[in-house]
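Data file: input.pdb. Format and content: PDB, C-alpha atoms and all ligand atoms.
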MODEL        1
ATOM      1  CA  MET A   2     -30.868   1.567  -3.147
ATOM      2  CA  PHE A   3     -33.784   3.036  -1.168
ATOM      3  CA  PHE A   4     -33.619   3.008   2.610
ATOM      4  CA  LYS A   5     -36.796   2.093   4.486
ATOM      5  CA  TYR A   6     -35.827   3.639   7.816
ATOM      6  CA  CYS A   7     -34.024   6.825   8.842
ATOM      7  CA  GLY A   8     -30.328   6.270   9.558
ATOM      8  CA  GLU A   9     -30.364   9.119  12.079
ATOM      9  CA  CYS A  10     -33.437   8.375  14.195
ATOM     10  CA  GLY A  11     -34.829   5.055  12.983
ATOM     11  CA  HIS A  12     -38.233   6.417  11.921
ATOM     12  CA  LYS A  13     -39.962   4.847   8.903
ATOM     13  CA  LEU A  14     -39.446   7.012   5.777
ATOM     14  CA  ASP A  15     -42.107   8.567   3.532
ATOM     15  CA  ASP A  16     -41.929   8.968  -0.265
ATOM     16  CA  ILE A  17     -41.523  12.537  -1.599
ATOM     17  CA  LYS A  18     -40.572  14.204  -4.886
ATOM     18  CA  CYS A  19     -37.272  16.153  -5.066
ATOM     19  CA  GLY A  20     -37.726  17.978  -8.350
ATOM     20  CA  ASP A  21     -38.151  15.158 -10.858
ATOM     21  CA  ASP A  22     -36.592  12.535  -8.607
ATOM     22  CA  ASN A  23     -38.232  10.099  -6.249
ATOM     23  CA  CYS A  24     -36.788  10.515  -2.765
ATOM     24  CA  ARG A  25     -37.709   9.599   0.776
ATOM     25  CA  ILE A  26     -37.944  11.801   3.818
ATOM     26  CA  CYS A  27     -37.917  11.133   7.527
ATOM     27  CA  PRO A  28     -41.136  12.623   8.931
ATOM     28  CA  SER A  29     -39.438  12.982  12.320
ATOM     29  CA  CYS A  30     -36.017  14.607  11.651
ATOM     30  CA  LYS A  31     -36.674  15.699   8.009
ATOM     31  CA  LYS A  32     -33.504  14.065   6.658
ATOM     32  CA  ILE A  33     -33.841  13.323   2.918
ATOM     33  CA  TYR A  34     -32.671  10.096   1.285
ATOM     34  CA  GLY A  35     -32.067   9.603  -2.445
ATOM     35  CA  ASN A  36     -32.213   6.384  -4.393
ATOM     36  CA  ASN A  37     -28.413   6.114  -4.454
ATOM     37  CA  PRO A  38     -25.866   3.348  -4.944
ATOM     38  CA  LEU A  39     -22.866   3.033  -2.639
ATOM     39  CA  PRO A  40     -19.752   4.458  -4.334
ATOM     40  CA  VAL A  41     -16.725   2.166  -4.508
ATOM     41  CA  VAL A  42     -13.371   3.141  -6.001
ATOM     42  CA  GLU A  43     -11.388   0.636  -8.022
ATOM     43  CA  ALA A  44      -7.743   1.293  -8.920
ATOM     44  CA  LEU A  45      -5.195  -0.383 -11.168
ATOM     45  CA  VAL A  46      -1.855   0.611  -9.598
ATOM     46  CA  VAL A  47       0.942   1.272 -12.121
ATOM     47  CA  ASN A  48       4.556   2.270 -11.376
ATOM     48  CA  GLU A  49       7.209   4.154 -13.384
ATOM     49  CA  TYR A  50       8.463   0.864 -14.910
ATOM     50  CA  ASN A  51       4.953   0.074 -16.248
ATOM     51  CA  GLU A  52       4.575  -2.723 -13.718
ATOM     52  CA  ILE A  53       1.132  -3.401 -12.282
ATOM     53  CA  LEU A  54       0.552  -4.089  -8.617
ATOM     54  CA  LEU A  55      -1.937  -6.833  -7.815
ATOM     55  CA  LEU A  56      -3.201  -8.051  -4.455
ATOM     56  CA  LYS A  57      -3.839 -11.507  -3.111
ATOM     57  CA  GLN A  58      -6.808 -11.656  -0.787
ATOM     58  CA  ASN A  59      -7.489 -15.241   0.192
ATOM     59  CA  TYR A  60     -11.104 -14.559   1.083
ATOM     60  CA  ILE A  61     -11.618 -13.730  -2.623
ATOM     61  CA  SER A  62      -9.342 -16.347  -4.202
ATOM     62  CA  ASN A  63      -6.361 -18.523  -3.267
ATOM     63  CA  THR A  64      -5.012 -18.484  -6.793
ATOM     64  CA  LYS A  65      -6.094 -15.267  -8.508
ATOM     65  CA  TRP A  66      -5.031 -11.668  -7.916
ATOM     66  CA  THR A  67      -7.119  -8.508  -7.691
ATOM     67  CA  VAL A  68      -6.916  -4.742  -8.032
ATOM     68  CA  VAL A  69      -7.389  -2.253  -5.182
ATOM     69  CA  THR A  70     -11.008  -1.541  -4.276
ATOM     70  CA  GLY A  71     -12.685   0.182  -1.373
ATOM     71  CA  TYR A  72     -15.745   2.048  -0.208
ATOM     72  CA  MET A  73     -15.635   5.813  -0.285
ATOM     73  CA  GLN A  74     -15.808   7.572   3.064
ATOM     74  CA  ASP A  75     -17.921  10.591   3.882
ATOM     75  CA  GLY A  76     -16.024  13.871   3.475
ATOM     76  CA  GLU A  77     -13.425  12.791   0.924
ATOM     77  CA  THR A  78     -13.199  13.327  -2.832
ATOM     78  CA  ILE A  79     -13.101  10.356  -5.204
ATOM     79  CA  GLU A  80      -9.388  11.028  -5.869
ATOM     80  CA  GLU A  81      -8.685  11.096  -2.118
ATOM     81  CA  ALA A  82     -10.490   7.772  -1.742
ATOM     82  CA  VAL A  83      -8.280   6.249  -4.465
ATOM     83  CA  ALA A  84      -5.099   7.513  -2.759
ATOM     84  CA  ARG A  85      -6.248   6.356   0.691
ATOM     85  CA  GLU A  86      -7.224   2.862  -0.432
ATOM     86  CA  VAL A  87      -3.994   2.376  -2.405
ATOM     87  CA  LYS A  88      -1.940   3.520   0.631
ATOM     88  CA  GLU A  89      -3.902   1.353   3.086
ATOM     89  CA  GLU A  90      -3.817  -1.797   0.997
ATOM     90  CA  THR A  91      -0.345  -1.541  -0.569
ATOM     91  CA  GLY A  92       1.710   1.230   1.098
ATOM     92  CA  GLN A  93       2.214   2.980  -2.247
ATOM     93  CA  ILE A  94       1.836   6.768  -2.563
ATOM     94  CA  VAL A  95      -0.392   7.846  -5.451
ATOM     95  CA  THR A  96       1.226  10.720  -7.366
ATOM     96  CA  ASN A  97      -1.518  11.035  -9.957
ATOM     97  CA  CYS A  98      -4.674   9.212 -10.918
ATOM     98  CA  LYS A  99      -6.679   9.006 -14.093
ATOM     99  CA  TYR A 100     -10.406   8.338 -14.292
ATOM    100  CA  ILE A 101     -11.176   5.468 -16.682
ATOM    101  CA  SER A 102     -14.877   4.571 -16.412
ATOM    102  CA  SER A 103     -17.645   3.498 -14.082
ATOM    103  CA  TYR A 104     -20.268   0.775 -14.036
ATOM    104  CA  TYR A 105     -23.172  -0.255 -11.854
ATOM    105  CA  PHE A 106     -22.900  -3.519  -9.910
ATOM    106  CA  ALA A 107     -26.549  -4.421  -9.368
ATOM    107  CA  PRO A 108     -26.315  -7.326  -6.865
ATOM    108  CA  LYS A 109     -24.801  -5.051  -4.216
ATOM    109  CA  HIS A 110     -26.173  -1.656  -5.350
ATOM    110  CA  LEU A 111     -22.652  -0.332  -5.950
ATOM    111  CA  ILE A 112     -21.383   2.256  -8.382
ATOM    112  CA  MET A 113     -17.835   1.163  -9.234
ATOM    113  CA  ILE A 114     -15.614   4.139 -10.126
ATOM    114  CA  GLY A 115     -12.536   2.964 -11.999
ATOM    115  CA  PHE A 116      -9.107   4.637 -12.039
ATOM    116  CA  ILE A 117      -5.501   4.052 -12.961
ATOM    117  CA  ALA A 118      -3.407   5.113  -9.947
ATOM    118  CA  TYR A 119       0.186   6.099 -10.770
ATOM    119  CA  VAL A 120       2.840   5.512  -8.102
ATOM    120  CA  LYS A 121       6.629   5.484  -7.720
ATOM    121  CA  LYS A 122       7.694   1.974  -6.737
ATOM    122  CA  GLU A 123       7.963   1.794  -2.933
ATOM    123  CA  GLN A 124       8.428  -0.816  -0.245
ATOM    124  CA  PHE A 125       5.234  -2.702   0.503
ATOM    125  CA  ALA A 126       3.471  -1.814   3.708
ATOM    126  CA  ASP A 127       2.697  -4.443   6.326
ATOM    127  CA  SER A 128      -0.963  -4.505   5.498
ATOM    128  CA  ALA A 129      -3.428  -6.538   7.501
ATOM    129  CA  GLU A 130      -5.924  -6.104   4.677
ATOM    130  CA  VAL A 131      -4.139  -8.209   2.059
ATOM    131  CA  ASP A 132      -2.394 -11.588   2.090
ATOM    132  CA  ASP A 133       0.199 -10.822  -0.577
ATOM    133  CA  LEU A 134       1.286  -8.133  -3.048
ATOM    134  CA  LYS A 135       3.224  -8.484  -6.281
ATOM    135  CA  TRP A 136       4.339  -6.364  -9.232
ATOM    136  CA  TYR A 137       3.452  -7.900 -12.585
ATOM    137  CA  LYS A 138       4.365  -7.036 -16.146
ATOM    138  CA  ILE A 139       1.389  -6.079 -18.308
ATOM    139  CA  GLU A 140       1.636  -9.244 -20.424
ATOM    140  CA  GLU A 141       1.515 -11.442 -17.292
ATOM    141  CA  ILE A 142      -1.765 -10.027 -15.989
ATOM    142  CA  ASP A 143      -4.211 -12.079 -18.055
ATOM    143  CA  ASN A 144      -2.968 -15.345 -16.498
ATOM    144  CA  VAL A 145      -3.282 -14.227 -12.876
ATOM    145  CA  ILE A 146      -6.071 -11.673 -12.553
ATOM    146  CA  ALA A 147      -9.404 -12.617 -10.940
ATOM    147  CA  ARG A 148     -12.368 -12.700 -13.300
ATOM    148  CA  GLU A 149     -14.846 -15.134 -11.721
ATOM    149  CA  ASN A 150     -17.083 -13.380  -9.190
ATOM    150  CA  ASN A 151     -14.723 -10.428  -9.246
ATOM    151  CA  CYS A 152     -14.489  -7.286 -11.341
ATOM    152  CA  SER A 153     -10.661  -6.987 -11.377
ATOM    153  CA  GLY A 154     -10.268  -8.529 -14.833
ATOM    154  CA  MET A 155     -12.933  -6.287 -16.303
ATOM    155  CA  HIS A 156     -11.294  -3.196 -14.797
ATOM    156  CA  PHE A 157      -7.918  -4.240 -16.219
ATOM    157  CA  ASP A 158      -9.503  -4.680 -19.672
ATOM    158  CA  MET A 159     -10.915  -1.155 -19.512
ATOM    159  CA  CYS A 160      -7.520   0.278 -18.478
ATOM    160  CA  LYS A 161      -5.504  -1.615 -21.123
ATOM    161  CA  LYS A 162      -5.625   0.999 -23.859
ATOM    162  CA  TYR A 163      -4.152   3.605 -21.485
ATOM    163  CA  LEU A 164      -1.166   1.423 -20.550
ATOM    164  CA  CYS A 165       2.124   1.636 -22.439
TER
HETATM  165 ZN    ZN A 201     -35.005  10.691  11.079
ENDMDL
END

Turn the structure described in the file into structure tokens.
Ligand SMILES: [Zn+2]
Amino acid sequence: MFFKYCGECGHKLDDIKCGDDNCRICPSCKKIYGNNPLPVVEALVVNEYNEILLLKQNYISNTKWTVVTGYMQDGETIEEAVAREVKEETGQIVTNCKYISSYYFAPKHLIMIGFIAYVKKEQFADSAEVDDLKWYKIEEIDNVIARENNCSGMHFDMCKKYLC
């Protein structure tokens, strides 16, 4: 996604070449902008009993359940973003995470970075970000996971072969 204006000073950006890549530069403050997607982490949370934690977020669906997702923040690694989002949305502490795959979500210019996040089963946090949380067995997921207008089902499919 190319910005038209500088995020620092608001000046209109000019096109430049950065090596082989097309970039833009602010003629005023010289800040350089790439043609980058926004990175979003996506995590299937699994505990030591092979249960999978799904979230209910009523603004997405009243009936279907989703995986943890969230925008990366400046200054953190991808693994730190996974751990932070899982903690914020569910209260669970990530002990280890495994990269699964990524894909580009064109309508919103997002690069979705998919993980399995391993946790030890903990009490749920009082999270203002989700409406409900529930542990599911692997064989129950297909009936409850969101697939329409949501990438949770696709992420689960990609994780399946790594689950016991
Ligand atoms: Zn500028």

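Neighbours of ligand ZN 201 (chain A) at a cut-off of 10 Å, computed so that all atoms listed in the file are counted, are the residues Tyr6, Cys7, Gly8, Glu9, Cys10, Gly11, His12, Lys13, Leu14, Ile26, Cys27, Pro28, Ser29, Cys30, Lys31, Lys32 and Ile33 of chain A.
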
Using CA of Gln124 in chain A and CA of Val87 in chain A as the two end points, give the distance in Å to one decimal.
13.0 Å

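The two atoms in question, CA of Leu45 in chain A and CA of Tyr72 in chain A, are spaced 15.4 Å apart.
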
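Distances from A:Leu55, A:Cys152, A:Val47, A:Val120 to Ser103 in chain A were compared using only C-alpha atoms, and the smallest one belongs to A:Cys152.
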
Given the PyMOL selection byres (((chain A and resi 41) around 6) and not hetatm), the residues it picks as a PyMOL selection string:
chain A and resi 40+42+71-73+113

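In this comparison, which uses only C-alpha atoms, the residue of A:Thr78, A:Thr64, A:Thr91, A:Asn36 approaching Val131 in chain A most closely is A:Thr91.
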
Please complete range 3-14 of chain A so it has all heavy atoms, and hand it over as a tab-separated table (two decimals), in the coordinates of the input.
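Writing the result to out_8.tsv gives the following:
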chain	number	residue	atom	x	y	z
A	3	PHE	N	-32.95	2.21	-2.04
A	3	PHE	CA	-33.78	3.04	-1.17
A	3	PHE	C	-33.76	2.51	0.26
A	3	PHE	O	-34.00	1.33	0.49
A	3	PHE	CB	-35.23	3.04	-1.66
A	3	PHE	CG	-35.60	4.27	-2.42
A	3	PHE	CD1	-36.31	4.19	-3.59
A	3	PHE	CD2	-35.24	5.53	-1.93
A	3	PHE	CE1	-36.66	5.34	-4.29
A	3	PHE	CE2	-35.59	6.68	-2.62
A	3	PHE	CZ	-36.30	6.58	-3.80
A	4	PHE	N	-33.50	3.39	1.20
A	4	PHE	CA	-33.62	3.01	2.61
A	4	PHE	C	-35.09	3.01	3.01
A	4	PHE	O	-35.89	3.78	2.49
A	4	PHE	CB	-32.84	3.99	3.49
A	4	PHE	CG	-31.37	3.82	3.39
A	4	PHE	CD1	-30.60	4.73	2.68
A	4	PHE	CD2	-30.73	2.75	4.01
A	4	PHE	CE1	-29.23	4.57	2.57
A	4	PHE	CE2	-29.36	2.58	3.90
A	4	PHE	CZ	-28.60	3.49	3.18
A	5	LYS	N	-35.42	2.14	3.95
A	5	LYS	CA	-36.80	2.09	4.49
A	5	LYS	C	-36.91	2.90	5.76
A	5	LYS	O	-37.97	3.44	6.09
A	5	LYS	CB	-37.19	0.64	4.79
A	5	LYS	CG	-37.40	-0.25	3.58
A	5	LYS	CD	-38.11	-1.54	4.00
A	5	LYS	CE	-38.34	-2.48	2.83
A	5	LYS	NZ	-37.18	-3.38	2.59
A	6	TYR	N	-35.80	2.98	6.51
A	6	TYR	CA	-35.83	3.64	7.82
A	6	TYR	C	-34.74	4.71	7.88
A	6	TYR	O	-33.70	4.60	7.22
A	6	TYR	CB	-35.62	2.62	8.93
A	6	TYR	CG	-36.72	1.59	9.00
A	6	TYR	CD1	-36.60	0.38	8.34
A	6	TYR	CD2	-37.91	1.87	9.68
A	6	TYR	CE1	-37.63	-0.56	8.37
A	6	TYR	CE2	-38.95	0.95	9.71
A	6	TYR	CZ	-38.80	-0.27	9.06
A	6	TYR	OH	-39.83	-1.18	9.08
A	7	CYS	N	-34.98	5.73	8.69
A	7	CYS	CA	-34.02	6.82	8.84
A	7	CYS	C	-32.76	6.33	9.54
A	7	CYS	O	-32.83	5.70	10.60
A	7	CYS	CB	-34.66	7.95	9.64
A	7	CYS	SG	-33.54	9.34	9.87
A	8	GLY	N	-31.61	6.65	8.95
A	8	GLY	CA	-30.33	6.27	9.56
A	8	GLY	C	-29.99	7.10	10.77
A	8	GLY	O	-29.10	6.74	11.57
A	9	GLU	N	-30.63	8.24	10.94
A	9	GLU	CA	-30.36	9.12	12.08
A	9	GLU	C	-31.22	8.74	13.29
A	9	GLU	O	-30.73	8.65	14.40
A	9	GLU	CB	-30.68	10.58	11.72
A	9	GLU	CG	-29.84	11.15	10.59
A	9	GLU	CD	-28.39	11.38	10.98
A	9	GLU	OE1	-28.12	11.67	12.17
A	9	GLU	OE2	-27.53	11.27	10.10
A	10	CYS	N	-32.53	8.55	13.06
A	10	CYS	CA	-33.44	8.38	14.20
A	10	CYS	C	-34.26	7.09	14.13
A	10	CYS	O	-34.99	6.78	15.08
A	10	CYS	CB	-34.34	9.61	14.34
A	10	CYS	SG	-35.61	9.71	13.06
A	11	GLY	N	-34.17	6.35	13.04
A	11	GLY	CA	-34.83	5.06	12.98
A	11	GLY	C	-36.29	5.09	12.56
A	11	GLY	O	-36.93	4.04	12.44
A	12	HIS	N	-36.83	6.27	12.31
A	12	HIS	CA	-38.23	6.42	11.92
A	12	HIS	C	-38.45	5.85	10.52
A	12	HIS	O	-37.56	5.89	9.69
A	12	HIS	CB	-38.60	7.91	11.94
A	12	HIS	CG	-40.06	8.16	12.21
A	12	HIS	ND1	-41.04	7.94	11.28
A	12	HIS	CD2	-40.68	8.64	13.33
A	12	HIS	CE1	-42.21	8.25	11.80
A	12	HIS	NE2	-42.02	8.68	13.04
A	13	LYS	N	-39.65	5.33	10.25
A	13	LYS	CA	-39.96	4.85	8.90
A	13	LYS	C	-40.06	6.04	7.94
A	13	LYS	O	-40.61	7.09	8.29
A	13	LYS	CB	-41.29	4.09	8.92
A	13	LYS	CG	-41.52	3.23	7.69
A	13	LYS	CD	-42.68	2.25	7.94
A	13	LYS	CE	-42.77	1.14	6.91
A	13	LYS	NZ	-42.85	1.56	5.52
A	14	LEU	N	-39.51	5.89	6.73
A	14	LEU	CA	-39.45	7.01	5.78
A	14	LEU	C	-40.70	7.10	4.91
A	14	LEU	O	-41.34	6.08	4.63
A	14	LEU	CB	-38.22	6.85	4.87
A	14	LEU	CG	-36.86	6.76	5.58
A	14	LEU	CD1	-35.75	6.55	4.56
A	14	LEU	CD2	-36.59	8.02	6.40
